[in-house]
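Asker: If it helps, the file is called model.cif and holds mmCIF, C-alpha atoms:
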```cif
data_final
#
loop_
_atom_site.label_atom_id
_atom_site.label_comp_id
_atom_site.auth_asym_id
_atom_site.auth_seq_id
_atom_site.Cartn_x
_atom_site.Cartn_y
_atom_site.Cartn_z
CA MET D 1 -22.95 26.01 21.08
CA THR D 2 -19.36 25.27 20.21
CA THR D 3 -18.32 24.22 16.75
CA THR D 4 -17.82 20.51 16.50
CA LEU D 5 -16.07 19.09 13.49
CA GLY D 6 -17.14 15.64 12.42
CA ALA D 7 -14.59 12.97 13.28
CA THR D 8 -12.82 11.19 10.47
CA PRO D 9 -14.18 7.64 10.30
CA SER D 10 -12.07 4.58 11.01
CA GLN D 11 -11.24 2.08 8.27
CA THR D 12 -9.58 -1.32 8.53
CA VAL D 13 -5.79 -1.59 8.49
CA GLY D 14 -6.24 -4.26 5.80
CA PRO D 15 -3.76 -7.06 5.11
CA PHE D 16 -0.73 -4.98 4.12
CA PHE D 17 -0.21 -2.69 7.13
CA ALA D 18 3.15 -4.24 8.05
CA LEU D 19 4.57 -2.32 5.11
CA GLY D 20 3.88 0.98 6.81
CA LEU D 21 3.60 0.14 10.49
CA CYS D 22 5.93 -2.76 11.28
CA ALA D 23 9.07 -1.99 9.27
CA GLN D 24 10.92 -1.24 12.51
CA ARG D 25 10.63 -3.54 15.49
CA CYS D 26 9.16 -1.66 18.42
CA ASN D 27 7.89 -4.26 20.87
CA GLU D 28 10.55 -3.90 23.56
CA LEU D 29 10.14 -1.06 26.04
CA VAL D 30 13.08 -2.32 28.09
CA SER D 31 15.77 -4.96 27.87
CA GLY D 32 15.14 -7.66 30.43
CA GLY D 33 11.92 -6.87 32.25
CA VAL D 34 8.93 -9.13 31.79
CA ARG D 35 8.00 -10.84 28.55
CA VAL D 36 4.33 -10.86 27.59
CA GLU D 37 3.37 -13.28 24.85
CA GLY D 38 0.02 -14.12 23.38
CA ARG D 39 -1.99 -14.92 20.31
CA VAL D 40 -4.80 -13.14 18.52
CA LEU D 41 -7.54 -15.68 17.71
CA ASP D 42 -10.75 -15.44 15.71
CA GLY D 43 -14.22 -16.81 16.43
CA ALA D 44 -13.24 -20.25 15.12
CA GLY D 45 -10.20 -20.32 17.39
CA GLU D 46 -7.90 -19.86 14.40
CA PRO D 47 -4.87 -17.57 14.62
CA VAL D 48 -5.14 -14.10 13.11
CA PRO D 49 -1.86 -13.64 11.21
CA ASP D 50 -2.60 -10.09 10.07
CA ALA D 51 -3.28 -8.28 13.34
CA MET D 52 -1.29 -5.63 15.14
CA VAL D 53 -1.30 -5.18 18.91
CA GLU D 54 -0.35 -1.88 20.54
CA ILE D 55 0.09 -1.25 24.26
CA TRP D 56 0.16 1.89 26.38
CA GLN D 57 1.14 1.88 30.05
CA ALA D 58 2.54 3.86 32.96
CA ASP D 59 6.14 3.39 34.04
CA GLU D 60 7.05 1.29 37.07
CA HIS D 61 6.42 4.27 39.35
CA GLY D 62 2.88 4.73 38.06
CA SER D 63 3.64 7.80 35.93
CA TYR D 64 2.38 8.29 32.41
CA ARG D 65 5.26 9.70 30.38
CA SER D 66 5.20 10.89 26.81
CA ASP D 67 8.56 9.22 26.16
CA PHE D 68 7.84 5.78 27.59
CA GLY D 69 5.04 3.28 27.63
CA TRP D 70 3.98 2.68 24.05
CA ALA D 71 4.88 -0.39 21.98
CA ARG D 72 3.61 -2.25 18.95
CA CYS D 73 3.86 -5.78 17.57
CA GLY D 74 2.43 -7.35 14.42
CA THR D 75 1.28 -10.97 14.69
CA ASP D 76 3.12 -13.82 12.95
CA ALA D 77 1.70 -16.74 10.95
CA GLU D 78 0.51 -18.36 14.20
CA GLY D 79 -1.15 -15.16 15.39
CA ARG D 80 1.58 -14.62 17.98
CA PHE D 81 2.77 -11.30 19.37
CA SER D 82 5.15 -10.46 22.21
CA PHE D 83 6.34 -7.50 24.27
CA ARG D 84 9.12 -6.92 26.72
CA THR D 85 8.16 -4.39 29.34
CA VAL D 86 7.98 -3.56 33.05
CA LYS D 87 5.01 -3.94 35.32
CA PRO D 88 3.55 -0.45 35.67
CA GLY D 89 2.91 1.11 39.06
CA ARG D 90 -0.57 1.73 40.39
CA VAL D 91 -2.37 4.80 39.06
CA ASP D 92 -5.37 6.38 40.83
CA GLY D 93 -6.17 3.27 42.83
CA GLN D 94 -6.18 1.03 39.79
CA ALA D 95 -4.32 -2.25 39.70
CA PRO D 96 -1.30 -2.30 37.36
CA HIS D 97 -2.50 -2.72 33.77
CA LEU D 98 -1.60 -2.30 30.14
CA GLU D 99 -4.06 -0.62 27.80
CA VAL D 100 -4.28 -2.70 24.63
CA LEU D 101 -5.52 -1.87 21.13
CA VAL D 102 -5.84 -4.55 18.46
CA PHE D 103 -6.03 -3.70 14.77
CA ALA D 104 -6.55 -6.33 12.05
CA ARG D 105 -7.81 -7.07 8.61
CA GLY D 106 -11.50 -7.66 9.20
CA LEU D 107 -11.68 -5.13 12.03
CA LEU D 108 -13.16 -1.92 10.63
CA LYS D 109 -12.08 -0.18 13.84
CA PRO D 110 -9.71 -1.34 16.58
CA VAL D 111 -10.80 -3.18 19.72
CA LEU D 112 -9.74 -1.75 23.08
CA THR D 113 -9.00 -3.89 26.09
CA ARG D 114 -6.73 -4.12 29.16
CA MET D 115 -4.22 -6.62 30.46
CA TYR D 116 -3.91 -7.07 34.23
CA PHE D 117 -1.19 -8.99 36.08
CA PRO D 118 -1.89 -12.33 37.78
CA ASP D 119 0.07 -11.62 40.99
CA GLU D 120 -1.69 -8.39 41.94
CA GLU D 121 -4.63 -7.31 44.09
CA ASN D 122 -7.00 -6.98 41.15
CA ALA D 123 -10.23 -7.32 43.13
CA ALA D 124 -10.40 -3.64 44.05
CA ASP D 125 -9.74 -2.35 40.55
CA PRO D 126 -12.70 -0.19 39.49
CA VAL D 127 -12.52 -1.14 35.82
CA LEU D 128 -12.36 -4.86 36.52
CA ALA D 129 -15.20 -4.42 38.98
CA SER D 130 -17.33 -2.99 36.15
CA VAL D 131 -17.00 -6.29 34.25
CA LYS D 132 -19.18 -9.31 34.99
CA PRO D 133 -17.23 -11.69 37.28
CA GLU D 134 -17.35 -14.60 34.82
CA ARG D 135 -15.67 -12.52 32.11
CA ARG D 136 -12.96 -10.85 34.23
CA GLU D 137 -10.44 -13.62 33.64
CA THR D 138 -10.23 -12.62 29.96
CA LEU D 139 -8.46 -9.46 31.17
CA VAL D 140 -5.86 -11.10 33.41
CA ALA D 141 -2.63 -12.56 32.00
CA ALA D 142 -1.52 -16.03 33.07
CA SER D 143 1.91 -16.85 34.50
CA ASP D 144 3.99 -18.96 32.17
CA GLY D 145 7.25 -19.54 34.01
CA ALA D 146 8.89 -16.14 34.22
CA ASP D 147 6.76 -14.88 31.32
CA LEU D 148 3.15 -13.81 31.03
CA ARG D 149 0.65 -15.21 28.56
CA PHE D 150 -2.24 -13.10 27.33
CA ASP D 151 -4.39 -14.38 24.47
CA LEU D 152 -6.88 -12.13 22.74
CA HIS D 153 -10.09 -13.77 21.54
CA LEU D 154 -11.84 -11.47 19.10
CA GLN D 155 -14.98 -13.61 19.17
CA GLY D 156 -16.37 -16.88 20.54
CA ASP D 157 -17.03 -18.49 23.92
CA ARG D 158 -13.90 -16.97 25.40
CA GLU D 159 -14.33 -13.57 23.74
CA THR D 160 -12.10 -11.01 25.44
CA VAL D 161 -13.87 -8.11 27.14
CA PHE D 162 -13.62 -5.07 24.89
CA PHE D 163 -14.31 -1.53 26.03
CA ALA D 164 -15.88 1.62 24.67
CA VAL D 165 -14.65 4.99 25.91
CA MET X 1 -16.00 20.28 6.99
CA THR X 2 -19.52 20.03 8.27
CA GLN X 3 -20.90 20.34 11.75
CA VAL X 4 -22.44 17.25 13.23
CA GLY X 5 -24.21 16.34 16.41
CA LEU X 6 -22.10 14.46 18.92
CA GLU X 7 -24.58 11.61 18.99
CA GLN X 8 -23.84 10.47 15.45
CA ASP X 9 -21.31 7.65 15.24
CA PRO X 10 -19.02 8.34 12.30
CA HIS X 11 -17.31 4.97 12.61
CA PRO X 12 -18.21 1.66 10.98
CA PRO X 13 -19.70 -1.17 13.06
CA TYR X 14 -17.56 -4.21 13.81
CA ASP X 15 -20.05 -6.56 12.21
CA TRP X 16 -20.47 -5.72 8.52
CA PRO X 17 -21.39 -8.83 6.52
CA ALA X 18 -20.65 -7.22 3.15
CA TYR X 19 -16.98 -7.19 4.23
CA ARG X 20 -16.57 -10.92 4.70
CA SER X 21 -13.48 -10.82 6.89
CA THR X 22 -15.56 -9.29 9.70
CA ALA X 23 -17.52 -12.57 10.10
CA LEU X 24 -15.12 -14.31 12.49
CA ARG X 25 -13.33 -11.24 13.78
CA ALA X 26 -16.09 -8.85 14.87
CA PRO X 27 -16.72 -9.06 18.63
CA ARG X 28 -20.23 -10.35 19.33
CA ARG X 29 -20.66 -9.23 22.91
CA PRO X 30 -21.60 -5.67 23.83
CA LEU X 31 -18.70 -3.37 24.63
CA VAL X 32 -18.25 -2.52 28.30
CA ILE X 33 -18.31 1.23 28.94
CA LEU X 34 -14.96 2.26 30.38
CA GLN X 35 -14.99 5.25 32.71
CA THR X 36 -11.97 7.09 31.43
CA THR X 37 -8.95 7.28 33.70
CA GLU X 38 -5.51 8.76 33.18
CA THR X 39 -4.69 5.66 31.14
CA GLU X 40 -7.23 6.61 28.49
CA LEU X 41 -6.46 10.32 28.51
CA THR X 42 -2.72 10.09 27.94
CA GLY X 43 -0.64 8.81 25.06
CA PRO X 44 2.83 8.62 23.60
CA ALA X 45 4.65 11.49 21.91
CA PHE X 46 7.16 11.05 19.14
CA GLY X 47 10.13 13.36 18.81
CA ASP X 48 11.88 14.48 15.64
CA GLY X 49 14.08 11.40 15.94
CA ALA X 50 11.10 9.24 14.97
CA VAL X 51 11.10 10.55 11.43
CA GLY X 52 13.84 10.63 8.78
CA GLU X 53 14.42 13.56 6.44
CA LEU X 54 12.91 11.84 3.38
CA ASP X 55 10.29 9.76 5.15
CA HIS X 56 7.52 12.10 3.96
CA ASP X 57 8.58 11.89 0.30
CA LEU X 58 7.78 8.47 -1.13
CA THR X 59 9.15 9.52 -4.52
CA ARG X 60 12.70 9.99 -3.23
CA GLN X 61 13.35 6.84 -1.23
CA HIS X 62 15.18 4.98 -4.02
CA ALA X 63 17.82 5.62 -6.67
CA GLY X 64 15.27 6.40 -9.39
CA GLU X 65 11.83 7.95 -9.59
CA PRO X 66 8.74 5.77 -9.24
CA LEU X 67 6.32 5.44 -12.15
CA GLY X 68 2.90 7.03 -11.94
CA GLU X 69 1.14 10.29 -11.28
CA ARG X 70 3.11 12.35 -8.73
CA ILE X 71 0.85 13.92 -6.08
CA ILE X 72 1.11 16.03 -2.93
CA VAL X 73 -1.17 15.10 -0.04
CA THR X 74 -1.47 17.72 2.67
CA GLY X 75 -3.84 18.67 5.44
CA ARG X 76 -4.20 19.28 9.16
CA MET X 77 -4.81 17.08 12.16
CA LEU X 78 -7.48 18.63 14.37
CA GLU X 79 -9.46 18.17 17.55
CA PRO X 80 -13.24 18.29 17.05
CA ASP X 81 -13.21 21.89 18.34
CA GLY X 82 -10.73 22.88 15.65
CA ARG X 83 -7.57 23.02 17.74
CA PRO X 84 -4.50 21.72 15.87
CA ILE X 85 -2.86 18.50 17.02
CA ARG X 86 0.85 19.28 16.99
CA ASN X 87 3.93 17.04 16.79
CA ALA X 88 1.74 14.04 16.09
CA LEU X 89 2.97 11.02 14.18
CA ILE X 90 1.28 10.10 10.90
CA GLU X 91 2.26 6.90 9.12
CA ILE X 92 1.03 6.01 5.64
CA TRP X 93 1.19 3.00 3.32
CA GLN X 94 -0.23 2.37 -0.12
CA ALA X 95 -0.14 0.44 -3.38
CA ASN X 96 1.96 1.66 -6.30
CA ALA X 97 0.54 3.22 -9.47
CA ALA X 98 -0.27 -0.25 -10.82
CA GLY X 99 -2.27 -1.19 -7.72
CA ARG X 100 0.36 -3.51 -6.20
CA TYR X 101 1.68 -3.39 -2.64
CA ALA X 102 5.34 -4.11 -1.93
CA HIS X 103 4.19 -6.80 0.51
CA GLU X 104 4.67 -10.56 0.15
CA VAL X 105 0.97 -11.26 0.72
CA ASP X 106 0.02 -9.19 -2.34
CA GLN X 107 0.49 -11.58 -5.29
CA HIS X 108 -1.89 -10.06 -7.79
CA PRO X 109 -0.28 -9.89 -11.24
CA ALA X 110 0.50 -6.19 -11.48
CA PRO X 111 4.11 -4.99 -11.63
CA LEU X 112 6.12 -3.98 -8.61
CA ASP X 113 8.11 -0.76 -8.90
CA ALA X 114 11.71 -1.03 -7.73
CA ASN X 115 11.64 2.70 -7.01
CA PHE X 116 8.56 2.67 -4.82
CA SER X 117 8.14 1.08 -1.39
CA GLY X 118 4.87 2.83 -0.58
CA ALA X 119 5.50 3.70 3.08
CA GLY X 120 5.99 7.11 4.66
CA ARG X 121 5.81 8.99 7.95
CA CYS X 122 5.89 12.53 9.25
CA LEU X 123 5.14 14.66 12.30
CA THR X 124 2.54 17.41 12.24
CA ASP X 125 3.83 20.97 12.56
CA ALA X 126 2.80 23.74 14.98
CA ASP X 127 -0.39 24.27 12.98
CA GLY X 128 -1.25 20.57 12.94
CA GLY X 129 -0.19 20.47 9.29
CA TYR X 130 1.39 17.59 7.42
CA ARG X 131 2.58 17.03 3.84
CA PHE X 132 3.46 13.91 1.87
CA VAL X 133 4.76 13.62 -1.67
CA THR X 134 3.83 10.34 -3.31
CA ILE X 135 2.35 8.59 -6.35
CA LYS X 136 -1.37 8.20 -6.90
CA PRO X 137 -2.12 4.57 -6.04
CA GLY X 138 -3.97 2.30 -8.46
CA ALA X 139 -7.18 0.35 -7.82
CA TYR X 140 -6.65 -3.34 -7.20
CA PRO X 141 -8.70 -6.54 -7.08
CA TRP X 142 -9.45 -8.48 -3.91
CA LYS X 143 -11.34 -11.67 -3.21
CA ASN X 144 -14.20 -10.39 -1.04
CA HIS X 145 -16.83 -11.07 -3.75
CA PRO X 146 -16.83 -11.71 -7.51
CA ASN X 147 -15.06 -8.94 -9.41
CA ALA X 148 -14.27 -6.98 -6.25
CA TRP X 149 -11.92 -4.01 -6.65
CA ARG X 150 -10.83 -1.52 -4.02
CA PRO X 151 -11.11 2.16 -4.97
CA ALA X 152 -7.71 3.85 -4.96
CA HIS X 153 -6.73 4.79 -1.40
CA ILE X 154 -3.88 5.67 0.94
CA HIS X 155 -3.85 4.14 4.43
CA LEU X 156 -3.13 6.55 7.30
CA SER X 157 -2.33 5.78 10.93
CA LEU X 158 -2.51 8.73 13.35
CA PHE X 159 -1.70 9.36 17.00
CA GLY X 160 -3.64 12.05 18.80
CA ARG X 161 -3.09 13.31 22.33
CA ALA X 162 -4.56 10.18 23.87
CA PHE X 163 -3.89 6.54 23.09
CA THR X 164 -7.63 5.94 22.89
CA SER X 165 -8.03 8.53 20.14
CA ARG X 166 -5.72 6.51 17.86
CA LEU X 167 -7.09 6.40 14.35
CA VAL X 168 -6.33 4.22 11.35
CA THR X 169 -8.23 5.20 8.25
CA GLN X 170 -8.09 5.27 4.45
CA MET X 171 -8.10 8.36 2.25
CA TYR X 172 -9.92 8.07 -1.05
CA PHE X 173 -9.82 10.23 -4.20
CA PRO X 174 -12.70 12.34 -5.52
CA GLY X 175 -15.10 10.86 -8.04
CA ASP X 176 -13.93 7.25 -7.88
CA PRO X 177 -16.44 5.10 -9.83
CA LEU X 178 -15.75 2.17 -7.48
CA PHE X 179 -17.29 3.90 -4.43
CA PRO X 180 -20.76 2.32 -4.76
CA HIS X 181 -19.22 -1.15 -4.99
CA ASP X 182 -16.79 -1.05 -2.06
CA PRO X 183 -18.04 -2.56 1.22
CA ILE X 184 -15.19 -1.07 3.25
CA PHE X 185 -15.90 2.53 2.15
CA ASN X 186 -19.63 1.93 2.61
CA SER X 187 -19.21 0.46 6.09
CA VAL X 188 -19.37 4.10 7.20
CA ARG X 189 -23.14 4.45 7.29
CA ASP X 190 -23.47 8.23 7.63
CA PRO X 191 -23.07 9.78 4.14
CA ASP X 192 -21.55 12.96 5.60
CA ALA X 193 -18.97 10.94 7.48
CA ARG X 194 -18.25 8.90 4.35
CA ARG X 195 -17.54 12.08 2.43
CA ARG X 196 -14.93 12.97 5.05
CA LEU X 197 -12.88 9.99 3.80
CA ILE X 198 -12.45 11.66 0.40
CA CYS X 199 -9.68 14.19 -0.19
CA GLU X 200 -10.21 17.33 -2.26
CA LEU X 201 -8.27 18.42 -5.28
CA ASP X 202 -6.50 21.62 -4.20
CA LEU X 203 -4.93 23.97 -6.73
CA GLU X 204 -3.27 25.92 -3.91
CA THR X 205 -1.30 22.81 -3.04
CA THR X 206 -0.71 21.80 -6.64
CA GLU X 207 2.75 22.65 -7.94
CA PRO X 208 2.58 23.73 -11.62
CA GLU X 209 4.30 21.44 -14.10
CA TRP X 210 5.11 19.03 -11.29
CA ALA X 211 2.43 17.51 -9.06
CA LEU X 212 -1.31 17.69 -8.38
CA GLY X 213 -2.22 18.60 -4.83
CA TYR X 214 -4.89 17.03 -2.64
CA ARG X 215 -6.11 18.23 0.74
CA PHE X 216 -7.19 15.85 3.49
CA ASP X 217 -7.90 17.13 7.01
CA VAL X 218 -8.25 14.56 9.76
CA VAL X 219 -10.35 15.08 12.88
CA LEU X 220 -9.64 12.77 15.82
CA GLY X 221 -12.49 12.12 18.21
CA GLY X 222 -12.14 10.09 21.38
CA PRO X 223 -11.93 11.11 25.01
CA ALA X 224 -9.14 13.64 24.45
CA ALA X 225 -11.68 15.62 22.47
CA THR X 226 -12.84 17.02 25.77
CA PRO X 227 -10.45 19.69 27.02
CA LEU X 228 -7.83 18.13 29.25
CA GLU X 229 -4.58 19.99 29.36
CA GLU X 230 -2.20 22.37 27.68
#
```
Would you put the structure from the file into structure tokens?
Answerer:
Amino acid sequence: MTTTLGATPSQTVGPFFALGLCAQRCNELVSGGVRVEGRVLDGAGEPVPDAMVEIWQADEHGSYRSDFGWARCGTDAEGRFSFRTVKPGRVDGQAPHLEVLVFARGLLKPVLTRMYFPDEENAADPVLASVKPERRETLVAASDGADLRFDLHLQGDRETVFFAV
Amino acid sequence: MTQVGLEQDPHPPYDWPAYRSTALRAPRRPLVILQTTETELTGPAFGDGAVGELDHDLTRQHAGEPLGERIIVTGRMLEPDGRPIRNALIEIWQANAAGRYAHEVDQHPAPLDANFSGAGRCLTDADGGYRFVTIKPGAYPWKNHPNAWRPAHIHLSLFGRAFTSRLVTQMYFPGDPLFPHDPIFNSVRDPDARRRLICELDLETTEPEWALGYRFDVVLGGPAATPLEE
């Protein structure tokens, strides 16, 4: 039997994380590119003004690189966040997607989800296929002119699909 | 550190009524099991450029010295099998010695300290080691329930090898009398896991006539805990 050290438990980011985590803007992976905007909403449909969204993605050729693909944005008073990025290439037969973590006051550990693109062949994606059809739309961004809109519902009728790994 | 079975969940649940802010923010539907792909097994790396020379020393970021008890917080970032996690970014934030955050949302009537911002960052070294110099934070009141006070703590945000092993946690100090009353600390149900949130006084780290030392090792679980590369 191999030695296994106990993992350090998660704790909430609390209300003051911007002090340590959002002092520098880091929500633009590229200039130009595609703009993704959304809101983090609670179970009453109210904005969550003290959340932080992080994304991780492959580059446009479908390669995961240590020096590209991560970004972070704290939400504003209306719960809004935004990123400027490129659509990633396909990886291992998966449709292009962003991996998304949301941290917030009131979340004792982050929630993990994915954002897919509306103009792609998403039907064959194995992860989407593992989600009940009626909930898949919570994982696909909507076109909003040239931009994409992706709201995150932590709770409620339109609760976003969250994953465990 | 103690050995634990893999089946024990060291993390808090989403829904924890004693911490009232979970009520409208905890997901209610079961999580969907995600078969890990390259997306989940990879993550960003941060080079030396990500961190400034004095970012790890919260007592030297202003013209004067902050008030309070100077401390050194050091430890290692590890995989569950004990391997060090190298060149990993750690970000911290905390209240000042009076229990006040330099954040506009914190309006509780304790003094701010013009010489203390309360934010720091560093990269782990080849041994997974890190070291911060700071001020011991004060306890502070919050509105969760009548007469609610948070035990003194430092927030830490850590990046492991994989994005999905990201961890944000809080480090507490030994012997805090507020432990039994804090719903956030007690949201970790396993007492052994809860103890892993508490640093240890360490005389090896302590610098005589200057600063008390505390040791806090962090173990990141997640899918990267299974051997992947290197």
Asker: So how far away is atom CA of D:Val34 from atom CA of D:Thr85, in Å?
Answerer: 5.4 Å
Asker: List the residues matched by the PyMOL selection byres ((chain X and resi 63-68) around 10) in the displayed structure as a compact mmCIF listing (two decimals) with C-alpha atoms, in the coordinates of the input, ordered by chain and then by residue number.
Answerer:
```txt
# COMPACT_ATOMS: atom_id res chain seq x y z
CA LEU X 58 7.78 8.47 -1.13
CA THR X 59 9.15 9.52 -4.52
CA ARG X 60 12.70 9.99 -3.23
CA GLN X 61 13.35 6.84 -1.23
CA HIS X 62 15.18 4.98 -4.02
CA GLU X 69 1.14 10.29 -11.28
CA ARG X 70 3.11 12.35 -8.73
CA ILE X 71 0.85 13.92 -6.08
CA ASN X 96 1.96 1.66 -6.30
CA ALA X 97 0.54 3.22 -9.47
CA ALA X 98 -0.27 -0.25 -10.82
CA ASP X 113 8.11 -0.76 -8.90
CA ALA X 114 11.71 -1.03 -7.73
CA ASN X 115 11.64 2.70 -7.01
CA PHE X 116 8.56 2.67 -4.82
CA SER X 117 8.14 1.08 -1.39
CA GLY X 118 4.87 2.83 -0.58
CA THR X 134 3.83 10.34 -3.31
CA ILE X 135 2.35 8.59 -6.35
CA LYS X 136 -1.37 8.20 -6.90
CA PRO X 137 -2.12 4.57 -6.04
CA GLY X 138 -3.97 2.30 -8.46
```
Asker: Find the distance between atom CA of D:Gly62 and atom CA of D:Arg90 and write it in Å to one decimal.
Answerer: 5.1 Å
Asker: Determine, counting all atoms listed in the file, which protein, DNA and RNA residues have an atom within 8 Å of an atom of X:Trp16; residues of the same chain fewer than 6 positions away are not included. Present the result as a VMD selection string.
Answerer: chain X and resid 22 to 23 187
Asker: Just want the 7 Å neighbourhood of D:Val102, counted on all atoms listed in the file, with same-chain residues fewer than 2 positions away dropped. Output as a list of chain:residue names.
Answerer: D:Ala51, D:Met52, D:Val53, D:Glu54, D:Val100, D:Ala104, D:Pro110, D:Val111, D:Leu112
Asker: With a cut-off of 6 Å and counting all atoms listed in the file, select all residues of chain X in contact with chain D and give the selection as a ChimeraX atom specification.
Answerer: /X:3-4,10-11,14,21-22,24-25,27,31-34,44-45,80-81,92-93,119,168-170,218-221
Asker: Selection from above, C-alpha atoms, as a PDB file, keeping the file's coordinate frame, can you write it?
Answerer:
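The resulting file, part35.pdb, is reproduced below:
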```pdb
ATOM      1  CA  GLN X   3     -20.900  20.340  11.750  1.00  0.00           C
ATOM      2  CA  VAL X   4     -22.440  17.250  13.230  1.00  0.00           C
ATOM      3  CA  PRO X  10     -19.020   8.340  12.300  1.00  0.00           C
ATOM      4  CA  HIS X  11     -17.310   4.970  12.610  1.00  0.00           C
ATOM      5  CA  TYR X  14     -17.560  -4.210  13.810  1.00  0.00           C
ATOM      6  CA  SER X  21     -13.480 -10.820   6.890  1.00  0.00           C
ATOM      7  CA  THR X  22     -15.560  -9.290   9.700  1.00  0.00           C
ATOM      8  CA  LEU X  24     -15.120 -14.310  12.490  1.00  0.00           C
ATOM      9  CA  ARG X  25     -13.330 -11.240  13.780  1.00  0.00           C
ATOM     10  CA  PRO X  27     -16.720  -9.060  18.630  1.00  0.00           C
ATOM     11  CA  LEU X  31     -18.700  -3.370  24.630  1.00  0.00           C
ATOM     12  CA  VAL X  32     -18.250  -2.520  28.300  1.00  0.00           C
ATOM     13  CA  ILE X  33     -18.310   1.230  28.940  1.00  0.00           C
ATOM     14  CA  LEU X  34     -14.960   2.260  30.380  1.00  0.00           C
ATOM     15  CA  PRO X  44       2.830   8.620  23.600  1.00  0.00           C
ATOM     16  CA  ALA X  45       4.650  11.490  21.910  1.00  0.00           C
ATOM     17  CA  PRO X  80     -13.240  18.290  17.050  1.00  0.00           C
ATOM     18  CA  ASP X  81     -13.210  21.890  18.340  1.00  0.00           C
ATOM     19  CA  ILE X  92       1.030   6.010   5.640  1.00  0.00           C
ATOM     20  CA  TRP X  93       1.190   3.000   3.320  1.00  0.00           C
ATOM     21  CA  ALA X 119       5.500   3.700   3.080  1.00  0.00           C
ATOM     22  CA  VAL X 168      -6.330   4.220  11.350  1.00  0.00           C
ATOM     23  CA  THR X 169      -8.230   5.200   8.250  1.00  0.00           C
ATOM     24  CA  GLN X 170      -8.090   5.270   4.450  1.00  0.00           C
ATOM     25  CA  VAL X 218      -8.250  14.560   9.760  1.00  0.00           C
ATOM     26  CA  VAL X 219     -10.350  15.080  12.880  1.00  0.00           C
ATOM     27  CA  LEU X 220      -9.640  12.770  15.820  1.00  0.00           C
ATOM     28  CA  GLY X 221     -12.490  12.120  18.210  1.00  0.00           C
TER      29      GLY X 221
END
```
Asker: Check which residues satisfy the PyMOL selection byres ((chain X and resi 190) around 10) in the file shown, then give them as a ChimeraX atom specification.
Answerer: /D:9 /X:8-12,186-189,191-195
Asker: In Å, with one decimal, what is the gap from atom CA of D:Asp76 to atom CA of X:Asn147?
Answerer: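 Result for atom CA of D:Asp76 versus atom CA of X:Asn147: 29.2 Å, one decimal.
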